[in-house]
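Shown next, in structure tokens, is the structure this report addresses.
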Protein chains: 2
Amino acid sequence: MARLYPVIMSGGSGTRLWPLSKKSHPKQYHPLVTDQSMLAETIERIRQGAAGYDIAPPIIICGATHRPQVEHVLTQCDVQHATLILEPVGRNTAPVAITASLFVADQDPEGIILLLPADHHVTDRRAFQQAIQNALPIAEKGFLTTFGIRPDRPETGYGYIKASQPLGTGAYHVEAFVEKPDLETAKKYLVEGSYSWNAGIFMFQAATLLEEAQTHAKDIYNASLTAFRASEKKDYVLPLDTELFSKIPSDSIDYALMERTEKAAMVGPVDMGWNDIGSWQAVRDLSPETVGDVMAIDCKNSHIRSDGPFVAAIGVEDVVIVATKDSVLVVKADQAQEVKKIVEHLQKKAREDKL
Amino acid sequence: MARLYPVIMSGGSGTRLWPLSKKSHPKQYHPLVTDQSMLAETIERIRQGAAGYDIAPPIIICGATHRPQVEHVLTQCDVQHATLILEPVGRNTAPVAITASLFVADQDPEGIILLLPADHHVTDRRAFQQAIQNALPIAEKGFLTTFGIRPDRPETGYGYIKASQPLGTGAYHVEAFVEKPDLETAKKYLVEGSYSWNAGIFMFQAATLLEEAQTHAKDIYNASLTAFRASEKKDYVLPLDTELFSKIPSDSIDYALMERTEKAAMVGPVDMGWNDIGSWQAVRDLSPETVGDVMAIDCKNSHIRSDGPFVAAIGVEDVVIVATKDSVLVVKADQAQEVKKIVEHLQKKAREDKL
């Protein structure tokens, strides 16, 4: 029976959800749309195995400074035998995929990896399970499999996957990975039907990924291998060598591998109520009107949240209000992407305490 | 030459400007539409005398617990020889007017009092000076003179004064004091032209007011006299006797005296850019877009203020945002009067720390 190694990518600082998400406490460690943190949700989602495979304890890759937060979640979720891989710096997802594959291949040459971000929300866990079951035989055949999400709107914020020939149950060869489209193009994709959102969730044999990396991303592979070999696991924690890991070229698994390999496959289009919680608008869409010490009078389509001061809101519509101990954000929901301007401003002014 | 004794009523807790205005630090002690506190603005406004009269140092009546705030403002404004009268509890404006008159009549039987609230904003100080000059001869003739403000909108939040026959330069007999009207009625008043807003600013001889009080408000007069006689001034501070002052019936100068006396007069209608800053909407109308550690992007007709956390606002329109160290208010400007519901809620929940 195949053994599936879930590798949860818990790096990233989630500036789009400022001021709740901060460098010191990024969004994946917050309860955002449920009462569990995003990381805990992710752990629960992948927990049980199913027919045809079983699930190894999770391997979590996070920034070295966030080790306490991850350990807190592992305790909360009562996870046994997890592994922590600590990144001294962020180098994007390609080095993460390679490092995870080196780690898994070392202990299980046939091991299959489910690589997924810690900060996504999925409403329908059964659909997610089904997608895993569809992906497994494809990954075992030696494909780098990505999860395609069925679009329900002409979203311009995601990359798309264009599927070509069927490859099995709910699985396709990939014709092309497509950059974030403009609105016109996104509308065409939605009508056309063979385009799925690229959710950044992957399944592959560790051995296959390493082969493809040697072929298509030799520099990243070599630098990752050097860093991995120089790093020593103590107990359940593998802190990657600071100097050597920092030398790895930064690139995404999409650019470095998926767009180059001949072995790209897609499962899907998956309908699992997927949301990458990429903005406060998304949080608003999925959350109750108020969270925390909040009073709302005559508010509509709004989301009002505090983990600090008492917040009172009166008569606002389509607004997100987020209060923390030291910062307050009030943003019209459809302008939530502008939050990055606030973060840039704070960076420029060297106001690190607010970031 | 007449001597004018300004008596500044600095009681009241200004709940309509929660969360900036709190019991412990009401609105008159805050800079709201300028960089001076409202009390400091009031002191500056009445400071210089003019032809025909001179101005005595101010007499300030405030809640006993706010003595430090008043002293702070007096130091800031470099005021010499002020008097502080401390109220142990609030008993509305009639006992204040009587107590102030007793105090002034004791030292100057011909003294004239200018009685005014500490929490009004006046844009045109020259017009205010002119109104004082118009009121003086009327007050000296023995009238209880009120300042009528020329309405520029059908305001339903104020009482009105209906003027009758002329009584001198810019002065009239009063035909009637009128309660807060409905919108329909307010519109008629605006067109009709002989109605002014009742601003709660008065000028009268101390002796006249005491005579009228004995005639029309005997209970309040007697109780006020008893409390006053039992209170002892120390240095420049007169703390009113707690037990006896608490026994005075609570009533406004308007109800207890102005509506009953035959000696009511009005100066005006005065055009002095008067505003009683009765809501956050009024503050918004008179203030810059941002005050304090605030960043606003693409906001319109809004007022965003912090004396605590960093506040970022994006894309909101007609909204007032007020952040303090422990509370945040976000309110659509035209619903600013609903702030009272927040205060009521906090009172009901016994959350005194937020009030």
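Every chain in the structure tokens takes a letter, A first, then B, and so on in the order presented; its residues are numbered from 1, and the ligands are numbered from 1 following the presented order.
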
Residues of chain A within 6 Å of chain B, counting only C-alpha atoms, as JSON, numbers by chain: {"A": [309, 310, 311, 312, 313, 314, 315, 316, 326, 327, 328, 329, 330, 331, 332]}

Test item: residues at most 9 Å from Ile46 in chain A, only C-alpha atoms, excluding those fewer than 6 positions along its chain, as JSON, numbers by chain: {"A": [6, 55, 58, 125, 128, 129]}

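Compared by their closest atoms to Ser37 in chain A, and using only C-alpha atoms, the residues A:Ala350, A:Ala118, A:Val283, A:Leu17 rank with A:Ala118 nearest.
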
Per-residue DSSP, range 115-286 of chain B, filtered to helix (DSSP H, G or I), as an MDAnalysis selection string: chainID B and resid 125:140 183:192 206:216 218:229 242:246 253:258 280:286

Separation of CA of Ala217 in chain A from CA of Ala97 in chain A, in Å and rounded to one decimal: 11.8 Å

Surrounding residues of Leu116 in chain B excluding itself and chain neighbours under 2 positions, 7 Å, only C-alpha atoms, as JSON, numbers by chain: {"B": [7, 8, 9, 114, 118, 200, 201, 202]}

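Of the listed residues (A:Gln165, A:Gln36, A:Ser21, A:Thr83), A:Thr83 comes nearest to Asp235 in chain A; the distances count only C-alpha atoms.
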
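Distance-wise, CA of Tyr195 in chain A and CA of Asp152 in chain A end up 11.1 Å apart.
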
Closest of A:Glu211, A:Val104, A:Glu110, A:Ile98 to Ile253 in chain A - atom-to-atom distances counting only C-alpha atoms: A:Ile98
